[in-house]
>>> print(open('data_5.cif').read())   # mmCIF, C-alpha atoms
data_query
#
loop_
_atom_site.label_atom_id
_atom_site.label_comp_id
_atom_site.auth_asym_id
_atom_site.auth_seq_id
_atom_site.Cartn_x
_atom_site.Cartn_y
_atom_site.Cartn_z
CA MET A 1 -1.91 -9.14 -92.09
CA ASP A 2 -1.89 -5.48 -91.04
CA LYS A 3 0.90 -4.35 -88.71
CA ILE A 4 0.15 -1.55 -86.25
CA THR A 5 2.60 0.06 -83.81
CA ILE A 6 1.21 1.55 -80.60
CA ILE A 7 3.35 4.56 -79.61
CA VAL A 8 3.30 5.33 -75.88
CA PRO A 9 5.12 8.45 -74.56
CA CYS A 10 5.94 7.96 -70.86
CA TYR A 11 7.06 10.27 -68.08
CA ASN A 12 6.97 8.93 -64.52
CA GLU A 13 4.40 6.26 -65.36
CA ALA A 14 6.01 3.31 -63.55
CA GLU A 15 2.78 2.41 -61.73
CA VAL A 16 0.75 1.87 -64.90
CA ILE A 17 3.12 0.38 -67.50
CA GLY A 18 2.21 -3.25 -66.85
CA HIS A 19 -1.48 -2.50 -66.41
CA PHE A 20 -1.49 -0.51 -69.65
CA TYR A 21 0.04 -3.38 -71.60
CA ASP A 22 -2.50 -5.86 -70.21
CA GLU A 23 -5.48 -3.59 -70.94
CA VAL A 24 -4.45 -2.77 -74.50
CA THR A 25 -3.52 -6.37 -75.29
CA ALA A 26 -6.95 -7.54 -74.09
CA ALA A 27 -8.71 -4.84 -76.14
CA THR A 28 -6.84 -5.69 -79.35
CA ALA A 29 -7.04 -9.47 -79.04
CA GLY A 30 -10.27 -9.63 -81.04
CA VAL A 31 -9.03 -7.57 -84.03
CA ALA A 32 -8.73 -10.01 -86.92
CA ASP A 33 -5.79 -10.12 -89.33
CA CYS A 34 -3.82 -7.55 -87.38
CA SER A 35 -0.64 -7.74 -85.32
CA PHE A 36 0.10 -5.09 -82.70
CA SER A 37 3.49 -4.05 -81.39
CA TYR A 38 4.41 -1.46 -78.75
CA LEU A 39 6.95 1.35 -78.86
CA PHE A 40 7.42 3.00 -75.46
CA ILE A 41 9.22 6.37 -75.33
CA ASP A 42 10.70 7.06 -71.90
CA ASP A 43 10.94 10.84 -71.72
CA GLY A 44 13.64 11.05 -69.04
CA SER A 45 11.47 9.69 -66.23
CA ARG A 46 12.69 10.22 -62.66
CA ASP A 47 11.07 7.10 -61.23
CA HIS A 48 11.59 3.48 -62.33
CA THR A 49 9.50 3.77 -65.49
CA LEU A 50 12.43 2.70 -67.66
CA ALA A 51 13.01 -0.39 -65.53
CA GLU A 52 9.35 -1.36 -65.93
CA ILE A 53 9.56 -0.91 -69.69
CA ARG A 54 12.77 -2.97 -69.86
CA ALA A 55 11.13 -5.79 -67.94
CA LEU A 56 8.14 -5.66 -70.26
CA ALA A 57 10.40 -5.77 -73.33
CA GLU A 58 12.27 -8.78 -71.95
CA ALA A 59 9.01 -10.64 -71.34
CA HIS A 60 7.29 -9.81 -74.65
CA THR A 61 8.80 -9.84 -78.13
CA ASN A 62 6.31 -7.26 -79.45
CA VAL A 63 7.58 -4.53 -77.08
CA ARG A 64 10.30 -2.07 -78.09
CA TYR A 65 11.42 1.09 -76.33
CA ILE A 66 13.47 4.27 -76.61
CA SER A 67 14.92 6.18 -73.68
CA PHE A 68 15.87 9.87 -73.88
CA THR A 69 18.99 11.37 -72.30
CA ARG A 70 16.74 13.78 -70.35
CA ASN A 71 13.19 15.05 -70.25
CA PHE A 72 12.50 16.71 -73.62
CA GLY A 73 8.69 16.87 -73.39
CA LYS A 74 5.75 14.99 -74.84
CA GLU A 75 5.94 16.64 -78.27
CA PRO A 76 9.51 15.40 -78.97
CA ALA A 77 8.55 12.01 -77.51
CA MET A 78 5.73 11.65 -80.01
CA MET A 79 8.05 12.74 -82.80
CA ALA A 80 10.58 10.06 -81.81
CA GLY A 81 7.81 7.48 -81.82
CA LEU A 82 6.78 8.47 -85.33
CA ASP A 83 10.43 8.41 -86.45
CA TYR A 84 11.08 4.88 -85.25
CA ALA A 85 7.68 3.24 -85.70
CA ASP A 86 7.12 0.83 -88.53
CA GLY A 87 4.17 -1.04 -89.99
CA ASP A 88 1.05 -0.04 -91.87
CA ALA A 89 -0.27 2.35 -89.22
CA VAL A 90 0.47 3.71 -85.74
CA ILE A 91 -1.70 4.48 -82.71
CA LEU A 92 -0.73 7.27 -80.31
CA MET A 93 -1.86 6.69 -76.72
CA ASP A 94 -1.10 7.94 -73.22
CA ALA A 95 0.15 5.38 -70.71
CA ASP A 96 -2.21 6.55 -67.95
CA LEU A 97 -5.21 4.81 -69.63
CA GLN A 98 -7.22 8.02 -69.95
CA HIS A 99 -7.44 7.04 -73.62
CA PRO A 100 -9.78 4.01 -73.59
CA PRO A 101 -8.20 0.96 -75.28
CA ALA A 102 -11.70 -0.33 -76.08
CA LEU A 103 -11.86 2.15 -78.98
CA ILE A 104 -8.93 0.60 -80.83
CA PRO A 105 -10.99 -2.03 -82.73
CA GLU A 106 -13.32 0.73 -83.98
CA MET A 107 -10.34 2.83 -85.02
CA VAL A 108 -8.88 -0.06 -86.99
CA ALA A 109 -12.23 -0.74 -88.68
CA LEU A 110 -12.53 2.91 -89.78
CA TRP A 111 -8.93 2.91 -91.00
CA ARG A 112 -9.64 -0.17 -93.08
CA ALA A 113 -12.72 1.62 -94.42
CA GLY A 114 -10.47 4.26 -95.98
CA TYR A 115 -9.75 6.91 -93.35
CA ASP A 116 -6.13 7.99 -92.94
CA ASP A 117 -6.45 9.70 -89.55
CA VAL A 118 -8.92 8.28 -87.01
CA CYS A 119 -8.85 10.46 -83.91
CA GLY A 120 -10.60 10.49 -80.55
CA LYS A 121 -12.75 13.53 -79.74
CA ARG A 122 -13.53 14.41 -76.13
CA THR A 123 -17.25 14.54 -75.41
CA ASP A 124 -17.01 16.65 -72.25
CA ARG A 125 -14.63 18.45 -69.92
CA THR A 126 -16.48 17.93 -66.64
CA ASP A 127 -13.33 16.49 -65.08
CA GLU A 128 -11.52 19.82 -65.51
CA THR A 129 -11.68 23.01 -63.48
CA PHE A 130 -13.69 26.01 -64.64
CA LEU A 131 -10.49 27.96 -65.33
CA LYS A 132 -9.03 25.16 -67.46
CA ARG A 133 -12.27 24.83 -69.48
CA THR A 134 -12.38 28.59 -70.00
CA MET A 135 -8.77 28.71 -71.16
CA ALA A 136 -9.38 25.81 -73.57
CA ASN A 137 -12.45 27.50 -75.07
CA LEU A 138 -10.58 30.79 -75.44
CA PHE A 139 -7.67 29.03 -77.13
CA TYR A 140 -9.83 27.22 -79.69
CA ARG A 141 -11.80 30.38 -80.48
CA SER A 142 -8.57 32.34 -80.91
CA MET A 143 -7.11 29.73 -83.23
CA GLN A 144 -10.27 29.62 -85.33
CA ALA A 145 -10.27 33.41 -85.59
CA VAL A 146 -6.65 33.87 -86.69
CA SER A 147 -5.57 30.59 -88.32
CA ARG A 148 -5.87 29.76 -92.02
CA PHE A 149 -7.13 26.28 -91.21
CA THR A 150 -9.63 24.97 -88.67
CA LEU A 151 -7.99 23.28 -85.71
CA GLN A 152 -9.88 20.17 -84.59
CA ARG A 153 -11.65 21.10 -81.37
CA ASP A 154 -11.30 18.82 -78.32
CA VAL A 155 -9.21 16.40 -80.40
CA GLY A 156 -5.86 15.46 -78.88
CA ASP A 157 -3.11 12.94 -79.46
CA PHE A 158 -5.22 9.77 -79.18
CA ARG A 159 -5.44 8.68 -82.81
CA LEU A 160 -4.62 6.10 -85.45
CA LEU A 161 -2.46 7.34 -88.32
CA ASP A 162 -1.93 5.62 -91.64
CA HIS A 163 1.69 5.14 -92.74
CA ARG A 164 1.22 7.96 -95.30
CA CYS A 165 0.34 10.40 -92.49
CA VAL A 166 3.37 9.21 -90.52
CA ALA A 167 5.65 9.77 -93.52
CA ALA A 168 4.24 13.29 -93.98
CA LEU A 169 4.71 14.17 -90.29
CA ARG A 170 8.32 12.97 -90.43
CA LEU A 171 9.00 15.74 -92.94
CA LEU A 172 8.08 18.42 -90.38
CA ARG A 173 11.26 18.81 -88.31
CA GLU A 174 10.71 22.08 -86.46
CA ASN A 175 11.89 22.21 -82.86
CA GLN A 176 9.02 24.33 -81.58
CA ARG A 177 6.32 21.71 -82.11
CA PHE A 178 2.57 21.89 -81.70
CA THR A 179 1.61 18.41 -82.85
CA LYS A 180 -2.15 18.94 -82.53
CA GLY A 181 -1.86 21.60 -85.20
CA LEU A 182 0.49 19.51 -87.34
CA PHE A 183 -2.05 16.68 -87.44
CA THR A 184 -4.55 19.08 -88.96
CA TRP A 185 -2.03 20.88 -91.18
CA VAL A 186 -0.94 17.74 -93.07
CA GLY A 187 -4.54 17.07 -94.08
CA PHE A 188 -5.59 13.57 -95.23
CA LYS A 189 -8.99 11.98 -94.73
CA LYS A 190 -9.99 12.27 -91.07
CA LYS A 191 -12.66 10.68 -88.90
CA GLU A 192 -13.45 11.65 -85.31
CA ILE A 193 -14.65 9.16 -82.69
CA PRO A 194 -16.31 10.61 -79.56
CA PHE A 195 -15.03 9.28 -76.25
CA HIS A 196 -15.15 10.10 -72.56
CA VAL A 197 -11.81 10.66 -70.89
CA GLN A 198 -11.22 8.01 -68.23
CA PRO A 199 -9.74 8.74 -64.79
CA ARG A 200 -5.99 8.24 -64.52
CA ALA A 201 -5.08 4.69 -63.61
CA ALA A 202 -2.43 6.03 -61.23
CA GLY A 203 -0.27 9.05 -60.55
CA THR A 204 -0.99 12.73 -61.19
CA THR A 205 -0.92 14.86 -64.30
CA THR A 206 2.23 16.81 -65.16
CA TRP A 207 0.31 19.44 -67.15
CA SER A 208 0.32 22.56 -64.98
CA TYR A 209 -1.34 25.84 -65.92
CA PRO A 210 1.99 27.44 -66.99
CA ALA A 211 2.71 24.40 -69.18
CA LEU A 212 -0.74 24.61 -70.79
CA LEU A 213 -0.32 28.36 -71.35
CA SER A 214 3.08 27.72 -72.95
CA LEU A 215 1.53 25.09 -75.23
CA ALA A 216 -1.23 27.52 -76.24
CA ILE A 217 1.32 30.23 -77.10
CA GLU A 218 3.28 27.61 -79.03
CA GLY A 219 0.20 26.73 -81.05
CA ILE A 220 -0.70 30.31 -81.91
CA THR A 221 2.81 31.41 -82.85
CA SER A 222 3.49 28.22 -84.83
CA PHE A 223 0.53 28.51 -87.18
CA THR A 224 -0.29 32.19 -87.59
CA THR A 225 1.35 35.61 -87.77
CA ALA A 226 -1.88 37.33 -86.74
CA PRO A 227 -0.39 38.70 -83.47
CA LEU A 228 2.27 40.52 -85.50
CA ARG A 229 -0.40 41.99 -87.74
CA LEU A 230 -2.33 42.99 -84.65
CA THR A 231 0.63 45.00 -83.36
CA THR A 232 0.81 46.78 -86.73
CA VAL A 233 -2.87 47.68 -86.62
CA LEU A 234 -2.59 48.71 -82.98
CA GLY A 235 0.43 50.88 -83.79
CA LEU A 236 -1.43 52.62 -86.62
CA LEU A 237 -4.46 53.18 -84.37
CA VAL A 238 -2.38 54.64 -81.55
CA SER A 239 -0.48 56.85 -84.02
CA ALA A 240 -3.77 58.17 -85.41
CA LEU A 241 -5.05 58.90 -81.90
CA ALA A 242 -1.78 60.62 -80.99
CA ILE A 243 -1.91 62.82 -84.11
CA GLY A 244 -5.53 63.68 -83.38
CA TYR A 245 -4.72 64.61 -79.79
CA MET A 246 -1.74 66.67 -80.97
CA LEU A 247 -4.01 68.66 -83.29
CA VAL A 248 -6.46 69.27 -80.44
CA VAL A 249 -3.66 70.59 -78.21
CA LEU A 250 -2.31 72.77 -81.05
CA VAL A 251 -5.70 74.31 -81.85
CA ASP A 252 -6.37 74.87 -78.15
CA ALA A 253 -3.04 76.67 -77.76
CA LEU A 254 -3.62 78.84 -80.84
CA LEU A 255 -7.16 79.81 -79.91
CA TYR A 256 -6.93 80.16 -76.15
CA GLY A 257 -3.22 80.54 -75.57
CA ASN A 258 -3.19 77.94 -72.80
CA PRO A 259 0.49 77.07 -72.22
CA VAL A 260 -0.08 74.73 -69.25
CA ALA A 261 -0.12 71.01 -70.16
CA GLY A 262 -2.42 68.76 -68.21
CA TYR A 263 -0.31 66.43 -66.04
CA PRO A 264 -2.93 63.63 -65.73
CA THR A 265 -3.53 63.64 -69.48
CA LEU A 266 0.19 63.62 -70.22
CA MET A 267 0.86 60.70 -67.85
CA THR A 268 -2.10 58.73 -69.20
CA VAL A 269 -0.89 59.11 -72.78
CA LEU A 270 2.70 58.20 -71.85
CA LEU A 271 1.67 55.09 -69.92
CA PHE A 272 -0.68 54.00 -72.68
CA LEU A 273 1.96 54.41 -75.39
CA GLY A 274 4.56 52.66 -73.22
CA GLY A 275 2.21 49.72 -72.61
CA VAL A 276 1.48 49.36 -76.32
CA GLN A 277 5.20 49.45 -77.14
CA LEU A 278 6.05 46.81 -74.52
CA LEU A 279 3.21 44.57 -75.72
CA SER A 280 4.40 44.88 -79.31
CA LEU A 281 7.99 44.15 -78.33
CA GLY A 282 6.85 41.11 -76.35
CA ILE A 283 4.94 39.65 -79.31
CA ILE A 284 7.83 40.32 -81.68
CA GLY A 285 10.16 38.74 -79.13
CA GLU A 286 8.09 35.54 -79.06
CA TYR A 287 8.46 35.12 -82.80
CA LEU A 288 12.12 36.18 -82.81
CA GLY A 289 12.87 33.66 -80.06
CA ARG A 290 11.40 30.88 -82.18
CA VAL A 291 13.45 31.96 -85.19
CA PHE A 292 16.56 31.91 -82.98
CA THR A 293 15.77 28.42 -81.70
CA GLU A 294 15.14 27.03 -85.17
CA SER A 295 18.27 28.67 -86.60
CA LYS A 296 20.49 26.64 -84.25
CA GLN A 297 19.18 23.44 -85.86
CA ARG A 298 19.58 21.39 -82.72
CA PRO A 299 17.96 17.93 -82.67
CA THR A 300 14.52 17.82 -81.11
CA TYR A 301 15.52 14.90 -78.87
CA LEU A 302 18.54 12.78 -77.96
CA ILE A 303 18.33 9.02 -77.44
CA ASP A 304 20.25 7.39 -74.63
CA GLU A 305 19.11 3.79 -75.07
CA ARG A 306 17.19 1.88 -77.70
CA ASP A 307 15.98 -1.67 -77.10
CA GLY A 308 18.67 -2.42 -74.55
CA GLU A 309 21.59 -0.86 -76.45
CA LYS A 310 23.24 2.50 -75.89
CA PHE A 311 22.67 4.77 -78.86
CA ASP A 312 25.74 5.20 -81.10
CA TYR A 313 25.89 8.83 -82.23
CA SER A 314 29.14 8.39 -84.15
CA LYS A 315 27.42 5.84 -86.37
CA LEU A 316 24.47 8.22 -86.83
CA ARG A 317 26.82 11.06 -87.78
CA ARG A 318 28.50 8.91 -90.41
CA GLU A 319 25.12 7.89 -91.81
CA VAL A 320 23.97 11.51 -92.03
CA LYS A 321 27.20 12.48 -93.79
CA ARG A 322 26.78 9.62 -96.26
CA CYS A 323 23.18 10.63 -97.02
CA ARG A 324 24.21 14.23 -97.65
CA GLU A 325 26.99 13.17 -99.98
CA THR A 326 24.82 10.73 -101.94
CA GLY A 327 21.69 12.91 -101.89
CA GLU A 328 19.54 10.15 -100.34
#
>>> encode(input="data_5.cif", output="structure tokens")
Amino acid sequence: MDKITIIVPCYNEAEVIGHFYDEVTAATAGVADCSFSYLFIDDGSRDHTLAEIRALAEAHTNVRYISFTRNFGKEPAMMAGLDYADGDAVILMDADLQHPPALIPEMVALWRAGYDDVCGKRTDRTDETFLKRTMANLFYRSMQAVSRFTLQRDVGDFRLLDHRCVAALRLLRENQRFTKGLFTWVGFKKKEIPFHVQPRAAGTTTWSYPALLSLAIEGITSFTTAPLRLTTVLGLLVSALAIGYMLVVLVDALLYGNPVAGYPTLMTVLLFLGGVQLLSLGIIGEYLGRVFTESKQRPTYLIDERDGEKFDYSKLRREVKRCRETGE
């Protein structure tokens, strides 16, 4: 019998936890020779999400959970789910039921047919604002233009991953995570299933425009150094223009003896050069900041509670020390 763990990152989802469990359980009841378990990741929720998950775990033996010490974000929550999931495959889903549970049987069938990564692909974005759709299109086009691999368009976190994919993703421990890119980067045999995003069962989204912009910058800087190359090209271009303008001024002074410098031209050149320098420093700073964050080697997340027990970090430290000494 195949064992599949459903990983559910949660942040302020108290209103939908029970409904989510009922909907997914009903959708998976008809899948033959397969047992499903749940791993909820409470990402430092401020409502009573954790209490709802605890009650669900007490009532059902196939429910496990992890609670963070604070809100670390969805990317670390998914990483924790992959770290602690077991079984032959995992399914990543949002708790708000925008990912339709009815697709799970089809995902399992395709996985059994030989696909390692069965992912849901959005068929439309009519539920989003014009600005959000425009930003998404610009992001995907930018990634396709500068990245060495093709990022799956309109494909998010809703997917089934074989245990080999999970093992590969566990090797990628960077703190600045863009999981959508990591899913593509690890490769494996993929299959996309089109689906229409459902309305939220309750609550409101926590993805604001600044958060989406931050995620887009994370994706670009995590998988390409093209912006750094762009600053180099831009610097060479500006230098060439500056040298050309200098020669024009020199020839003009030699031929016509005009000692008066044009104030508007001078200010325009200074402002342009200053803007290019600030832009270049900003791009370099983005990459340098990520190097600084990674160099500290801090854990991506911290667990406060796991399946009703407070997490023992002294035991974890001893285990890490033992592994380093034995080379395991």
>>> resolve_selection(input="data_5.cif", expression="the PyMOL selection byres ((chain A and resi 18-21) around 9)", output="list of chain:residue names")
A:Ala14, A:Glu15, A:Val16, A:Ile17, A:Asp22, A:Glu23, A:Val24, A:Thr25, A:Ala26, A:Tyr38, A:Glu52, A:Ile53, A:Leu56, A:Ala95, A:Asp96, A:Leu97, A:Pro101, A:Ala201
>>> atom_distance(input="data_5.cif", atom1="CA of Phe188 (chain A)", atom2="CA of Gly120 (chain A)")
15.8 Å
>>> resolve_selection(input="data_5.cif", expression="the PyMOL selection byres ((chain A and resi 174) around 12)", output="VMD selection string")
chain A and resid 75 to 76 79 169 to 173 175 to 179 182 218 222 290 to 301
>>> atom_distance(input="data_5.cif", atom1="CA of Val108 (chain A)", atom2="CA of Leu160 (chain A)")
7.6 Å
>>> closest_residue(input="data_5.cif", among="A:Val197, A:Leu279, A:Ala113, A:Leu92", to="Asp157 (chain A)", atoms="only C-alpha atoms")
A:Leu92
>>> residues_around(input="data_5.cif", residues="Ile66 (chain A)", least_positions_apart="5", cutoff="7 Å", atoms="only C-alpha atoms", output="VMD selection string")
chain A and resid 40 to 42 303 305 to 307
>>> closest_residue(input="data_5.cif", among="A:Tyr287, A:Thr231, A:Val31, A:Lys180", to="Arg112 (chain A)", atoms="all atoms listed in the file")
A:Val31
